[in-house]
>>> print(open('upload01.tsv').read())   # TSV, C-alpha atoms
chain	number	residue	atom	x	y	z
A	1	ILE	CA	0.87	31.45	-18.40
A	2	ILE	CA	-0.10	28.18	-16.72
A	3	ALA	CA	0.07	28.18	-12.91
A	4	VAL	CA	-0.16	25.00	-10.83
A	5	SER	CA	-2.47	26.58	-8.24
A	6	HIS	CA	-4.47	29.73	-7.58
A	7	ALA	CA	-1.91	30.62	-4.90
A	8	VAL	CA	0.85	30.51	-7.52
A	9	ARG	CA	-1.27	32.44	-10.03
A	10	ASN	CA	-1.95	35.19	-7.48
A	11	ASP	CA	1.76	35.37	-6.70
A	12	ILE	CA	2.58	35.72	-10.41
A	13	LEU	CA	0.05	38.52	-10.81
A	14	LYS	CA	1.47	40.37	-7.80
A	15	LYS	CA	5.09	40.10	-8.88
A	16	SER	CA	4.80	40.57	-12.64
A	17	LYS	CA	2.93	42.51	-15.28
A	18	ALA	CA	1.22	39.40	-16.61
A	19	PRO	CA	-2.37	40.19	-17.67
A	20	PRO	CA	-4.90	38.22	-15.57
A	21	GLU	CA	-6.79	37.12	-18.68
A	22	LYS	CA	-3.65	35.40	-19.95
A	23	THR	CA	-3.05	33.32	-16.85
A	24	VAL	CA	-4.80	30.05	-16.09
A	25	VAL	CA	-4.66	27.40	-13.36
A	26	ILE	CA	-4.09	23.76	-14.25
A	27	TYR	CA	-3.23	21.59	-11.28
A	28	ASN	CA	-0.44	19.02	-11.33
A	29	GLY	CA	-1.57	15.53	-12.26
A	30	ILE	CA	-0.82	12.29	-10.43
A	31	ASN	CA	-0.49	8.88	-12.07
A	32	MET	CA	-2.64	6.84	-9.70
A	33	GLU	CA	-1.09	3.54	-10.83
A	34	ASP	CA	2.27	4.62	-9.39
A	35	PHE	CA	0.72	4.70	-5.93
A	36	SER	CA	-0.65	1.17	-5.86
A	37	PRO	CA	2.54	-0.86	-5.28
A	38	LYS	CA	2.58	-4.60	-4.66
A	39	GLU	CA	2.02	-5.81	-1.10
A	40	GLU	CA	5.20	-7.88	-1.41
A	41	ASP	CA	7.25	-4.74	-2.10
A	42	ILE	CA	5.68	-2.98	0.88
A	43	PHE	CA	6.54	-5.96	3.10
A	44	TRP	CA	10.19	-5.97	2.03
A	45	LEU	CA	10.53	-2.23	2.56
A	46	ARG	CA	9.25	-2.52	6.13
A	47	ARG	CA	11.68	-5.37	6.67
A	48	SER	CA	14.68	-3.57	5.14
A	49	LEU	CA	14.04	-0.51	7.32
A	50	LYS	CA	13.55	-2.74	10.39
A	51	LEU	CA	10.38	-0.84	11.11
A	52	PRO	CA	8.92	-1.75	14.51
A	53	ARG	CA	5.60	-3.52	14.12
A	54	GLU	CA	3.81	-1.24	16.56
A	55	ALA	CA	5.20	2.02	15.11
A	56	PHE	CA	2.86	4.85	14.18
A	57	VAL	CA	4.81	6.30	11.27
A	58	VAL	CA	4.74	10.03	10.57
A	59	SER	CA	6.64	10.99	7.41
A	60	LEU	CA	7.88	14.37	6.25
A	61	ILE	CA	8.87	14.05	2.60
A	62	ALA	CA	10.52	17.25	1.41
A	63	ARG	CA	13.84	18.95	0.75
A	64	LEU	CA	15.86	19.58	3.89
A	65	VAL	CA	15.51	23.36	3.92
A	66	PRO	CA	14.25	25.78	6.62
A	67	ALA	CA	11.01	26.56	4.74
A	68	LYS	CA	9.78	22.98	5.23
A	69	SER	CA	9.82	23.54	9.01
A	70	HIS	CA	11.11	20.14	10.09
A	71	LYS	CA	11.90	21.67	13.49
A	72	ASN	CA	8.20	22.25	14.19
A	73	LEU	CA	7.49	18.58	13.56
A	74	PHE	CA	10.37	17.63	15.87
A	75	LYS	CA	8.94	19.82	18.63
A	76	ALA	CA	5.52	18.22	18.22
A	77	VAL	CA	7.00	14.71	18.24
A	78	SER	CA	9.03	15.45	21.38
A	79	HIS	CA	5.76	16.16	23.24
A	80	ILE	CA	3.89	13.24	21.68
A	81	GLU	CA	6.65	10.81	22.73
A	82	LYS	CA	5.74	11.50	26.35
A	83	ILE	CA	2.23	10.19	25.65
A	84	SER	CA	2.85	7.54	23.01
A	85	LYS	CA	6.13	5.69	22.59
A	86	ASN	CA	4.89	4.25	19.29
A	87	ILE	CA	5.42	7.39	17.23
A	88	LEU	CA	8.25	7.26	14.70
A	89	ALA	CA	9.15	10.06	12.30
A	90	LEU	CA	10.68	9.37	8.90
A	91	ILE	CA	12.51	12.33	7.36
A	92	VAL	CA	12.82	11.79	3.62
A	93	GLY	CA	14.77	14.16	1.38
A	94	GLY	CA	18.19	15.60	0.77
A	95	GLY	CA	19.83	18.94	1.40
A	96	GLY	CA	22.60	20.73	3.24
A	97	TYR	CA	20.34	21.37	6.24
A	98	ARG	CA	20.56	17.77	7.45
A	99	SER	CA	23.37	18.25	10.00
A	100	GLU	CA	21.44	21.13	11.60
A	101	LEU	CA	18.28	19.03	11.81
A	102	GLU	CA	20.14	16.06	13.27
A	103	LYS	CA	21.56	18.39	15.92
A	104	VAL	CA	18.08	19.68	16.82
A	105	ALA	CA	16.69	16.14	17.01
A	106	LYS	CA	19.53	15.18	19.36
A	107	GLU	CA	19.00	18.26	21.55
A	108	LEU	CA	15.31	17.34	21.88
A	109	GLY	CA	16.25	13.79	22.82
A	110	LEU	CA	14.43	12.28	19.87
A	111	GLU	CA	15.51	8.71	19.28
A	112	ARG	CA	12.74	7.74	16.88
A	113	VAL	CA	13.45	10.26	14.15
A	114	TRP	CA	15.04	8.49	11.20
A	115	PHE	CA	16.76	10.38	8.40
A	116	LEU	CA	16.44	8.34	5.20
A	117	GLY	CA	17.98	10.82	2.76
A	118	GLU	CA	16.79	11.07	-0.83
A	119	ARG	CA	14.68	8.13	-1.97
A	120	SER	CA	13.32	6.91	-5.28
A	121	ASP	CA	10.63	4.74	-3.66
A	122	VAL	CA	8.29	7.44	-2.32
A	123	PRO	CA	5.10	5.51	-3.27
A	124	LEU	CA	6.30	2.59	-1.15
A	125	LEU	CA	7.32	4.85	1.73
A	126	LEU	CA	3.87	6.41	1.73
A	127	LYS	CA	2.33	2.95	2.00
A	128	ILE	CA	4.17	2.30	5.28
A	129	THR	CA	3.27	5.78	6.55
A	130	ASN	CA	0.31	6.35	8.86
A	131	LEU	CA	0.40	10.13	8.53
A	132	SER	CA	2.07	12.42	6.00
A	133	VAL	CA	2.99	15.78	7.52
A	134	LEU	CA	4.04	18.96	5.72
A	135	PRO	CA	4.42	21.85	8.22
A	136	SER	CA	5.91	24.27	5.66
A	137	SER	CA	6.06	28.04	6.05
A	138	LYS	CA	5.23	28.45	2.35
A	139	GLU	CA	4.25	26.27	-0.59
A	140	GLY	CA	3.24	26.80	-4.19
A	141	PHE	CA	1.44	23.52	-4.67
A	142	SER	CA	3.00	20.48	-3.05
A	143	ASN	CA	3.06	17.28	-5.06
A	144	VAL	CA	3.69	15.40	-1.81
A	145	ILE	CA	0.18	16.26	-0.64
A	146	LEU	CA	-1.36	14.78	-3.78
A	147	GLU	CA	1.00	11.80	-3.75
A	148	SER	CA	0.08	11.05	-0.14
A	149	MET	CA	-3.61	11.20	-0.95
A	150	ALA	CA	-3.11	8.96	-3.99
A	151	ALA	CA	-1.31	6.43	-1.79
A	152	GLY	CA	-4.15	6.48	0.73
A	153	THR	CA	-2.13	8.24	3.42
A	154	PRO	CA	-3.86	10.97	5.48
A	155	VAL	CA	-2.24	14.41	5.24
A	156	VAL	CA	-1.64	17.14	7.82
A	157	ALA	CA	-0.29	20.35	6.30
A	158	SER	CA	0.22	24.01	7.10
A	159	GLU	CA	-2.57	26.25	5.89
A	160	VAL	CA	-0.40	27.96	3.29
A	161	GLY	CA	-0.31	28.28	-0.49
A	162	GLY	CA	-1.87	25.55	-2.56
A	163	ALA	CA	-2.51	23.27	0.42
A	164	ARG	CA	-5.76	25.14	0.96
A	165	GLU	CA	-6.85	24.20	-2.55
A	166	ALA	CA	-6.03	20.50	-2.20
A	167	ILE	CA	-7.31	19.86	1.32
A	168	GLU	CA	-10.86	20.20	2.55
A	169	PRO	CA	-10.31	20.37	6.34
A	170	PHE	CA	-11.22	17.20	8.25
A	171	HIS	CA	-12.66	15.75	5.04
A	172	THR	CA	-9.70	15.06	2.75
A	173	GLY	CA	-6.97	16.05	5.21
A	174	VAL	CA	-6.21	18.45	8.06
A	175	LEU	CA	-4.85	21.99	7.88
A	176	VAL	CA	-3.06	23.68	10.78
A	177	LYS	CA	-1.84	27.24	11.16
A	178	TYR	CA	1.84	27.52	10.28
A	179	GLY	CA	4.03	27.61	13.39
A	180	ASP	CA	1.28	26.40	15.73
A	181	VAL	CA	3.15	23.44	17.19
A	182	GLU	CA	0.47	22.75	19.81
A	183	SER	CA	-2.20	22.36	17.13
A	184	LEU	CA	0.10	20.17	15.04
A	185	GLN	CA	0.78	18.02	18.08
A	186	ALA	CA	-2.94	17.77	18.92
A	187	VAL	CA	-3.91	16.80	15.37
A	188	ILE	CA	-1.24	14.09	15.16
A	189	LEU	CA	-2.26	12.70	18.55
A	190	GLY	CA	-5.93	12.81	17.59
A	191	LEU	CA	-5.37	10.87	14.38
A	192	LEU	CA	-2.97	8.47	16.11
A	193	GLY	CA	-5.81	7.53	18.44
A	194	SER	CA	-8.53	7.37	15.81
A	195	PRO	CA	-8.06	4.75	13.08
A	196	ARG	CA	-11.65	5.36	11.98
A	197	ASN	CA	-10.96	9.03	11.21
A	198	ARG	CA	-7.78	8.13	9.34
A	199	ILE	CA	-9.65	5.64	7.17
A	200	SER	CA	-12.41	8.17	6.45
A	201	ILE	CA	-9.94	10.90	5.46
A	202	LYS	CA	-7.76	8.73	3.26
A	203	THR	CA	-10.75	7.19	1.45
A	204	LYS	CA	-12.26	10.58	0.61
A	205	ALA	CA	-8.87	12.04	-0.31
A	206	ARG	CA	-8.02	9.28	-2.78
A	207	LYS	CA	-11.39	9.65	-4.51
A	208	MET	CA	-10.85	13.41	-4.73
A	209	VAL	CA	-7.39	13.00	-6.28
A	210	GLU	CA	-8.78	10.58	-8.86
A	211	LYS	CA	-11.43	13.11	-9.82
A	212	ARG	CA	-9.55	16.43	-9.69
A	213	PHE	CA	-5.82	15.75	-9.74
A	214	SER	CA	-5.24	12.74	-11.98
A	215	ILE	CA	-2.73	12.94	-14.81
A	216	GLU	CA	-5.62	12.31	-17.20
A	217	GLU	CA	-7.48	15.37	-15.90
A	218	MET	CA	-4.36	17.52	-16.18
A	219	ALA	CA	-3.82	16.36	-19.78
A	220	ALA	CA	-7.46	17.00	-20.69
A	221	GLN	CA	-7.39	20.54	-19.29
A	222	THR	CA	-4.11	21.30	-21.04
A	223	LYS	CA	-5.48	19.99	-24.33
A	224	ARG	CA	-8.62	22.13	-23.99
A	225	LEU	CA	-6.48	25.19	-23.31
A	226	TYR	CA	-4.30	24.68	-26.40
A	227	LEU	CA	-7.31	23.98	-28.63
A	228	ASP	CA	-8.95	27.16	-27.33
A	229	LEU	CA	-5.79	29.19	-28.01
A	230	LEU	CA	-5.43	27.71	-31.50
A	231	GLY	CA	-9.06	28.55	-32.22
A	232	LYS	CA	-8.56	32.17	-31.17
A	233	ALA	CA	-5.40	32.44	-33.28
A	234	ARG	CA	-7.26	31.58	-36.49
>>> encode(input="upload01.tsv", output="structure tokens")
Amino acid sequence: IIAVSHAVRNDILKKSKAPPEKTVVIYNGINMEDFSPKEEDIFWLRRSLKLPREAFVVSLIARLVPAKSHKNLFKAVSHIEKISKNILALIVGGGGYRSELEKVAKELGLERVWFLGERSDVPLLLKITNLSVLPSSKEGFSNVILESMAAGTPVVASEVGGAREAIEPFHTGVLVKYGDVESLQAVILGLLGSPRNRISIKTKARKMVEKRFSIEEMAAQTKRLYLDLLGKAR
């Protein structure tokens, strides 16, 4: 059994009778070339969205379901808006939970929360994003975290599931305790006010993805596993 993270592997072992020696972790792989779009395409996306020049863009790219905890981001943004009017949240993804989330955003008086629906241009969206946020209550191993890192976008995520395996705190991203809105708010504000820290995090994160989470590394590990299994079968 191949699991995409140690968190997923541990969950499999708890919920099934799978023998530990027959389970292995091979992380998802990212095609780095997909996350180096042309500057011209980035320009036209900003223009088509009518993105304010001064906006500090925080994106949450995920299905619109309760487990992704969009409401916690909304609460954090509602406090941040009182300090910085530049913050703008992009909500990317589809799902039947949208009407509920739009209602919450309205109740909180959030004007700069934009629902973009499902998109096929995630690499471009990440390039216009200053901070990628994933405040989920649970995760197996989020591709969005790796995709954000590959695009050179700093990540803030809940300290759950595979996020702990992908992010080295304050080195390749930031982890916050799930449900701790005050900490989430403080981290976003801190990074909003520190371009130097954002540059440091995104540079280290991209290098880490290239080394540990590239599609080439995933393919190499999978090949080694199959060759090992074929050797044992002889």
>>> atom_distance(input="upload01.tsv", atom1="atom CA of Trp44 of chain A", atom2="atom CA of Ala62 of chain A")
23.2 Å
>>> atom_distance(input="upload01.tsv", atom1="atom CA of Ile42 of chain A", atom2="atom CA of Lys127 of chain A")
6.9 Å
>>> residues_near_point(input="upload01.tsv", point="(-4.0, 24.0, -16.9)", cutoff="7 Å", atoms="all atoms listed in the file", output="list of chain:residue names")
A:Ile2, A:Val24, A:Val25, A:Ile26, A:Tyr27, A:Met218, A:Gln221, A:Thr222, A:Leu225
>>> atom_distance(input="upload01.tsv", atom1="atom CA of Lys138 of chain A", atom2="atom CA of Ser158 of chain A")
8.2 Å
>>> residues_around(input="upload01.tsv", residues="Glu165 of chain A", least_positions_apart="4", cutoff="12 Å", atoms="all atoms listed in the file", output="compact mmCIF listing (two decimals) with C-alpha atoms, keeping the file's coordinate frame")
# COMPACT_ATOMS: atom_id res chain seq x y z
CA VAL A 4 -0.16 25.00 -10.83
CA SER A 5 -2.47 26.58 -8.24
CA HIS A 6 -4.47 29.73 -7.58
CA ALA A 7 -1.91 30.62 -4.90
CA VAL A 8 0.85 30.51 -7.52
CA VAL A 25 -4.66 27.40 -13.36
CA TYR A 27 -3.23 21.59 -11.28
CA GLU A 139 4.25 26.27 -0.59
CA GLY A 140 3.24 26.80 -4.19
CA PHE A 141 1.44 23.52 -4.67
CA SER A 142 3.00 20.48 -3.05
CA ILE A 145 0.18 16.26 -0.64
CA LEU A 146 -1.36 14.78 -3.78
CA ALA A 157 -0.29 20.35 6.30
CA SER A 158 0.22 24.01 7.10
CA GLU A 159 -2.57 26.25 5.89
CA VAL A 160 -0.40 27.96 3.29
CA GLY A 161 -0.31 28.28 -0.49
CA PRO A 169 -10.31 20.37 6.34
CA THR A 172 -9.70 15.06 2.75
CA GLY A 173 -6.97 16.05 5.21
CA LEU A 175 -4.85 21.99 7.88
CA MET A 208 -10.85 13.41 -4.73
CA VAL A 209 -7.39 13.00 -6.28
CA ARG A 212 -9.55 16.43 -9.69
CA PHE A 213 -5.82 15.75 -9.74
>>> closest_residue(input="upload01.tsv", among="A:Arg206, A:Arg46, A:Arg9, A:Arg53", to="Ala151 of chain A", atoms="all atoms listed in the file")
A:Arg206
>>> closest_residue(input="upload01.tsv", among="A:Pro135, A:Pro123, A:Gly152, A:Gly162", to="Asp41 of chain A", atoms="all atoms listed in the file")
A:Pro123
>>> residues_around(input="upload01.tsv", residues="Ala76 of chain A", least_positions_apart="6", cutoff="10 Å", atoms="all atoms listed in the file", output="tab-separated table (two decimals) with C-alpha atoms, keeping the file's coordinate frame")
chain	number	residue	atom	x	y	z
A	180	ASP	CA	1.28	26.40	15.73
A	181	VAL	CA	3.15	23.44	17.19
A	182	GLU	CA	0.47	22.75	19.81
A	183	SER	CA	-2.20	22.36	17.13
A	184	LEU	CA	0.10	20.17	15.04
A	185	GLN	CA	0.78	18.02	18.08
A	186	ALA	CA	-2.94	17.77	18.92
A	187	VAL	CA	-3.91	16.80	15.37
A	188	ILE	CA	-1.24	14.09	15.16
A	189	LEU	CA	-2.26	12.70	18.55
>>> residues_near_point(input="upload01.tsv", point="(-12.0, 9.2, 1.9)", cutoff="10 Å", atoms="all atoms listed in the file", output="number ranges by chain")
A: 149, 152, 154, 171-173, 197-208
>>> closest_atom_pairs(input="upload01.tsv", of="segment 127-172 of chain A", to="segment 80-99 of chain A", cutoff="10 Å", atoms="all atoms listed in the file", output="JSON lines")
{"residue": "A:Thr129", "atom": "CA", "partner": "A:Leu90", "partner_atom": "CA", "distance": 8.6}
{"residue": "A:Asn130", "atom": "CA", "partner": "A:Ile87", "partner_atom": "CA", "distance": 9.9}
{"residue": "A:Leu131", "atom": "CA", "partner": "A:Ala89", "partner_atom": "CA", "distance": 9.5}
{"residue": "A:Ser132", "atom": "CA", "partner": "A:Leu90", "partner_atom": "CA", "distance": 9.6}
{"residue": "A:Val133", "atom": "CA", "partner": "A:Ala89", "partner_atom": "CA", "distance": 9.7}
>>> closest_residue(input="upload01.tsv", among="A:Arg63, A:Lys75, A:Lys103, A:Lys15", to="Val144 of chain A", atoms="all atoms listed in the file")
A:Arg63
>>> closest_residue(input="upload01.tsv", among="A:Lys22, A:Arg112, A:Arg47, A:His70", to="Ser137 of chain A", atoms="only C-alpha atoms")
A:His70
>>> closest_residue(input="upload01.tsv", among="A:Gly231, A:Pro19, A:Asn28, A:Leu125", to="Ser48 of chain A", atoms="only C-alpha atoms")
A:Leu125
>>> closest_residue(input="upload01.tsv", among="A:Asp11, A:Lys106, A:Asn31, A:Val77", to="Phe56 of chain A", atoms="only C-alpha atoms")
A:Val77
>>> build_atoms(input="upload01.tsv", residues="segment 210-223 of chain A", atoms="N, CA and C atoms", output="tab-separated table (two decimals), in the coordinates of the input")
chain	number	residue	atom	x	y	z
A	210	GLU	N	-8.39	11.24	-7.61
A	210	GLU	CA	-8.78	10.58	-8.86
A	210	GLU	C	-9.64	11.48	-9.72
A	211	LYS	N	-10.50	12.26	-9.08
A	211	LYS	CA	-11.43	13.11	-9.82
A	211	LYS	C	-10.81	14.42	-10.27
A	212	ARG	N	-10.03	15.07	-9.41
A	212	ARG	CA	-9.55	16.43	-9.69
A	212	ARG	C	-8.08	16.54	-10.06
A	213	PHE	N	-7.27	15.58	-9.60
A	213	PHE	CA	-5.82	15.75	-9.74
A	213	PHE	C	-5.13	14.59	-10.45
A	214	SER	N	-5.87	13.84	-11.24
A	214	SER	CA	-5.24	12.74	-11.98
A	214	SER	C	-4.46	13.29	-13.16
A	215	ILE	N	-3.51	12.51	-13.65
A	215	ILE	CA	-2.73	12.94	-14.81
A	215	ILE	C	-3.61	13.06	-16.04
A	216	GLU	N	-4.67	12.24	-16.08
A	216	GLU	CA	-5.62	12.31	-17.20
A	216	GLU	C	-6.37	13.63	-17.20
A	217	GLU	N	-6.77	14.09	-16.00
A	217	GLU	CA	-7.48	15.37	-15.90
A	217	GLU	C	-6.57	16.53	-16.27
A	218	MET	N	-5.31	16.48	-15.83
A	218	MET	CA	-4.36	17.52	-16.18
A	218	MET	C	-4.16	17.58	-17.70
A	219	ALA	N	-4.02	16.42	-18.32
A	219	ALA	CA	-3.82	16.36	-19.78
A	219	ALA	C	-5.04	16.90	-20.52
A	220	ALA	N	-6.23	16.55	-20.04
A	220	ALA	CA	-7.46	17.00	-20.69
A	220	ALA	C	-7.60	18.52	-20.60
A	221	GLN	N	-7.30	19.08	-19.44
A	221	GLN	CA	-7.39	20.54	-19.29
A	221	GLN	C	-6.36	21.26	-20.14
A	222	THR	N	-5.16	20.70	-20.21
A	222	THR	CA	-4.11	21.30	-21.04
A	222	THR	C	-4.49	21.25	-22.52
A	223	LYS	N	-5.04	20.14	-22.94
A	223	LYS	CA	-5.48	19.99	-24.33
A	223	LYS	C	-6.56	21.01	-24.66
